[in-house]
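To be precise, the following lines are my_file-v8.csv, and they hold CSV, C-alpha atoms.
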chain,number,residue,atom,x,y,z
P,22,MET,CA,4.1,25.6,66.9
P,23,ARG,CA,5.0,28.7,65.0
P,24,THR,CA,7.8,26.9,63.3
P,25,TYR,CA,5.4,24.3,62.0
P,26,ARG,CA,3.3,27.0,60.4
P,27,ILE,CA,6.3,28.6,58.8
P,28,ALA,CA,7.5,25.2,57.5
P,29,PHE,CA,4.1,24.5,56.0
P,30,CYS,CA,3.5,28.0,54.5
P,31,LEU,CA,6.9,28.4,53.0
P,32,PRO,CA,6.6,25.6,50.4
P,33,VAL,CA,3.1,26.7,49.6
P,34,LEU,CA,4.3,30.2,48.9
P,35,PHE,CA,6.9,28.9,46.5
P,36,LEU,CA,4.5,26.6,44.7
P,37,LEU,CA,1.8,29.2,44.1
P,38,PRO,CA,3.7,31.3,41.5
P,39,CYS,CA,4.7,28.1,39.6
P,40,ALA,CA,1.1,26.9,39.4
P,41,SER,CA,-0.1,30.2,38.0
P,42,TYR,CA,2.5,30.3,35.2
P,43,GLY,CA,2.2,26.7,34.1
P,44,GLN,CA,0.5,25.7,30.9
P,45,SER,CA,-2.7,23.7,30.9
P,46,LEU,CA,-2.5,20.1,29.6
P,47,GLY,CA,-4.8,21.1,26.7
P,48,ASP,CA,-2.4,23.9,25.6
P,49,VAL,CA,0.5,21.5,25.7
P,50,ALA,CA,-1.4,18.9,23.6
P,51,ARG,CA,-2.5,21.6,21.1
P,52,GLU,CA,1.1,22.7,20.6
P,53,GLN,CA,2.3,19.1,20.2
P,54,ARG,CA,-0.4,18.4,17.6
P,55,GLN,CA,0.4,21.6,15.6
P,56,LYS,CA,4.2,20.6,15.6
P,57,GLN,CA,3.3,17.1,14.5
P,58,GLN,CA,1.1,18.4,11.7
P,59,ALA,CA,3.8,20.8,10.5
P,60,LYS,CA,6.3,18.0,10.5
P,61,ASP,CA,4.0,15.6,8.6
P,62,SER,CA,3.1,18.2,6.0
P,63,LYS,CA,6.8,18.9,5.4
P,64,ALA,CA,7.6,15.2,5.1
P,65,ALA,CA,4.6,14.5,2.9
P,66,ALA,CA,5.6,17.3,0.5
P,67,LYS,CA,8.9,15.6,-0.2
P,68,VAL,CA,7.5,12.1,-1.2
P,69,VAL,CA,7.0,11.6,-4.9
P,70,THR,CA,5.6,8.3,-6.2
P,71,ASN,CA,5.7,6.8,-9.7
P,72,ASP,CA,2.0,7.5,-10.1
P,73,GLU,CA,2.7,11.2,-9.9
P,74,ILE,CA,5.5,11.2,-12.5
P,75,PRO,CA,4.2,11.5,-16.0
P,76,GLU,CA,5.5,9.0,-18.4
P,77,SER,CA,7.2,10.1,-21.6
P,78,PRO,CA,7.7,8.0,-24.7
P,79,ASP,CA,11.5,8.4,-24.4
P,80,ALA,CA,11.6,7.1,-20.8
P,81,SER,CA,9.5,4.0,-21.6
P,82,SER,CA,11.5,2.9,-24.6
P,83,SER,CA,14.8,3.2,-22.8
P,84,SER,CA,13.8,1.1,-19.7
P,85,SER,CA,13.7,-2.6,-19.8
P,86,ASP,CA,10.7,-2.9,-17.4
P,87,ASP,CA,7.2,-2.4,-18.5
P,88,THR,CA,4.7,-0.3,-16.5
P,89,ASP,CA,1.9,-2.1,-14.6
P,90,GLY,CA,-0.7,-0.5,-16.8
P,91,ALA,CA,-0.9,-1.1,-20.5
P,92,PRO,CA,1.3,-3.9,-21.8
P,93,GLU,CA,0.2,-3.5,-25.4
P,94,SER,CA,1.2,0.1,-25.6
P,95,SER,CA,4.7,-0.6,-24.4
P,96,THR,CA,5.3,-3.4,-26.9
P,97,PRO,CA,4.5,-1.5,-30.0
P,98,GLY,CA,6.3,1.6,-28.7
P,99,ALA,CA,9.5,-0.6,-28.3
P,100,SER,CA,9.1,-2.0,-31.8
P,101,SER,CA,8.6,1.5,-33.4
P,102,THR,CA,11.7,2.9,-31.8
P,103,GLY,CA,13.8,-0.3,-32.1
P,104,LYS,CA,13.8,-4.0,-31.5
P,105,LYS,CA,14.2,-5.5,-28.1
P,106,THR,CA,17.1,-7.7,-27.3
P,107,ALA,CA,16.7,-11.3,-26.1
P,108,GLU,CA,17.7,-10.2,-22.5
P,109,GLN,CA,15.0,-7.5,-22.5
P,110,TRP,CA,12.3,-9.9,-23.6
P,111,LYS,CA,13.4,-12.4,-21.1
P,112,ALA,CA,13.5,-9.8,-18.3
P,113,GLU,CA,10.1,-8.5,-19.2
P,114,ILE,CA,8.5,-12.0,-19.3
P,115,THR,CA,10.2,-13.0,-16.0
P,116,VAL,CA,8.8,-9.9,-14.3
P,117,ARG,CA,5.3,-10.6,-15.7
P,118,LYS,CA,5.5,-14.1,-14.4
P,119,ALA,CA,6.6,-12.9,-11.0
P,120,ARG,CA,3.6,-10.5,-10.9
P,121,ILE,CA,1.2,-13.3,-11.9
P,122,THR,CA,2.6,-15.6,-9.2
P,123,ALA,CA,2.3,-12.9,-6.5
P,124,LEU,CA,-1.2,-12.0,-7.6
P,125,GLN,CA,-2.3,-15.6,-7.7
P,126,SER,CA,-0.9,-16.2,-4.2
P,127,HIS,CA,-2.8,-13.1,-2.9
P,128,VAL,CA,-6.0,-14.1,-4.5
P,129,ASP,CA,-5.8,-17.6,-3.0
P,130,LYS,CA,-5.1,-16.3,0.5
P,131,LEU,CA,-7.9,-13.8,0.2
P,132,ASN,CA,-10.4,-16.5,-1.0
P,133,ASP,CA,-9.3,-18.9,1.8
P,134,SER,CA,-9.9,-16.2,4.4
P,135,VAL,CA,-13.6,-15.6,3.4
P,136,HIS,CA,-16.0,-17.3,5.8
P,137,PHE,CA,-19.6,-16.2,6.1
P,138,VAL,CA,-21.6,-16.9,9.3
P,139,GLU,CA,-25.3,-17.0,10.1
P,140,ALA,CA,-26.0,-13.4,10.8
P,141,ASN,CA,-28.6,-13.8,13.6
P,142,ARG,CA,-26.5,-16.4,15.4
P,143,TYR,CA,-23.7,-13.9,16.4
P,144,TYR,CA,-23.7,-10.5,18.0
P,145,ASN,CA,-22.1,-8.7,15.1
P,146,GLY,CA,-22.8,-11.3,12.4
P,147,VAL,CA,-24.2,-8.8,9.9
P,148,GLN,CA,-21.1,-6.6,10.1
P,149,TYR,CA,-18.8,-9.6,9.9
P,150,ASN,CA,-20.6,-10.8,6.8
P,151,GLN,CA,-20.4,-7.4,5.2
P,152,TYR,CA,-16.6,-7.4,5.8
P,153,GLN,CA,-16.4,-10.9,4.3
P,154,LEU,CA,-18.4,-9.7,1.3
P,155,LYS,CA,-15.9,-6.9,0.8
P,156,LYS,CA,-13.0,-9.4,0.9
P,157,GLN,CA,-14.8,-11.5,-1.6
P,158,GLN,CA,-15.3,-8.5,-4.0
P,159,GLU,CA,-11.6,-7.6,-3.6
P,160,ALA,CA,-10.7,-11.2,-4.5
P,161,GLN,CA,-12.9,-10.9,-7.6
P,162,ARG,CA,-11.2,-7.6,-8.6
P,163,LEU,CA,-7.8,-9.1,-8.1
P,164,GLN,CA,-8.8,-12.1,-10.2
P,165,LYS,CA,-9.7,-9.8,-13.1
P,166,GLN,CA,-6.4,-8.1,-12.7
P,167,LEU,CA,-4.7,-11.5,-12.7
P,168,GLU,CA,-6.5,-12.4,-16.0
P,169,THR,CA,-5.3,-9.1,-17.5
P,170,GLU,CA,-1.7,-9.9,-16.4
P,171,LYS,CA,-1.9,-13.4,-17.9
P,172,LYS,CA,-3.2,-11.9,-21.2
P,173,ALA,CA,-0.3,-9.4,-21.2
P,174,LEU,CA,2.2,-12.3,-20.5
P,175,GLU,CA,0.8,-14.2,-23.5
P,176,ASP,CA,1.0,-11.2,-25.7
P,177,ALA,CA,4.6,-10.6,-24.6
P,178,GLN,CA,5.5,-14.2,-25.2
P,179,GLU,CA,3.9,-14.1,-28.7
P,180,SER,CA,5.7,-10.9,-29.5
P,181,ALA,CA,9.0,-12.4,-28.5
P,182,ARG,CA,8.3,-15.5,-30.6
P,183,LYS,CA,7.4,-13.3,-33.6
P,184,ALA,CA,10.6,-11.3,-33.2
P,185,GLY,CA,12.4,-14.6,-33.9
P,186,PHE,CA,13.6,-15.5,-30.4
P,187,GLY,CA,13.5,-19.1,-29.2
P,188,SER,CA,11.4,-20.6,-26.4
P,189,ALA,CA,14.2,-20.0,-23.9
P,190,VAL,CA,13.4,-16.3,-24.2
P,191,TYR,CA,9.6,-16.2,-24.4
P,192,ASP,CA,9.1,-19.1,-21.9
P,193,PRO,CA,11.9,-18.7,-19.4
P,194,VAL,CA,11.9,-21.1,-16.5
P,195,ASN,CA,11.8,-19.4,-13.0

Have the structure of the file written as structure tokens, please.
Amino acid sequence: MRTYRIAFCLPVLFLLPCASYGQSLGDVAREQRQKQQAKDSKAAAKVVTNDEIPESPDASSSSSDDTDGAPESSTPGASSTGKKTAEQWKAEITVRKARITALQSHVDKLNDSVHFVEANRYYNGVQYNQYQLKKQQEAQRLQKQLETEKKALEDAQESARKAGFGSAVYDPVN
């Protein structure tokens, strides 16, 4: 009987010091969270987007692509520093057409996904309708952006036509 007590007490004696020196689960989670935040802050500091880089007049006249923003400001800037070639006009117009196609597709999908319900007929009908209203407002905002892009395309096509290029340049087929 004494051997059973020794066999039982011996493992308990070895486990007691381990339990007293172990970290709590909260301490381990706190350390992991701090390591993750440190890693995220280092990784986020290295990311630089185009929005953060200031545009200079020299950079915009040397590139063949326009910025998403003001199309009118890039066209006169190009004509004041030099004339664009047919390939540059064609590339610019093709990019603008691709943007318009993508925006139109996005607006169509968003409009097709908007479906309002009777608010008092469903458990969360009010919240669902609010979400649908936000989707509808986003579609309207994108529709305005689409109209702006179409106007910029027309301006670019007209500028290419006035520069003396044929319809193959200012009306390229996709």

Give me, please, the distance in Å between atom CA of Asp176 of chain P and atom CA of Glu159 of chain P, quoted to one decimal.
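Pair atom CA of Asp176 of chain P / atom CA of Glu159 of chain P returns 25.7 Å.
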
What separation in Å, quoted to one decimal, exists between atom CA of Tyr143 of chain P and atom CA of Val128 of chain P?
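Going from atom CA of Tyr143 of chain P over to atom CA of Val128 of chain P covers 27.4 Å.
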
Contacts of Thr106 of chain P at 10 Å or less, counting all atoms listed in the file, minus same-chain residues fewer than 4 places along, as a list in words?
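So the residues in contact are Ser85, Trp110, Lys111, Ala112, Ala181, Ala184, Phe186 and Val190 of chain P.
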
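For the pair atom CA of Lys130 of chain P and atom CA of Glu168 of chain P, the separation is 17.0 Å.
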
Pick the closest to Val116 of chain P from P:Lys183, P:Lys171, P:Arg51, P:Lys155: which is it, counting all atoms listed in the file?
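Comparing P:Lys183, P:Lys171, P:Arg51, P:Lys155 against Val116 of chain P, the winner is P:Lys171.
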
Excluding same-chain residues fewer than 4 positions from Gln164 of chain P, what lies within 10 Å of it counting only C-alpha atoms, as a VMD selection string?
chain P and resid 124 to 125 127 to 129 158 to 160 168 to 170

Which one of P:His136, P:Arg182, P:Lys104, P:Lys56 sits closest to Gln151 of chain P if you count only C-alpha atoms?
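So, comparing all the options, the nearest one is P:His136.
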
Taking all atoms listed in the file into account, which of P:Gln58, P:Gly187, P:Gly47, P:Ala173 comes nearest Lys118 of chain P?
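Of the candidates, the smallest distance to Lys118 of chain P is held by P:Ala173.
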
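With all atoms listed in the file as the basis for measurement, P:Ile121 is the residue among P:Ile121, P:Val147, P:Leu46, P:Val135 that approaches Leu174 of chain P most closely.
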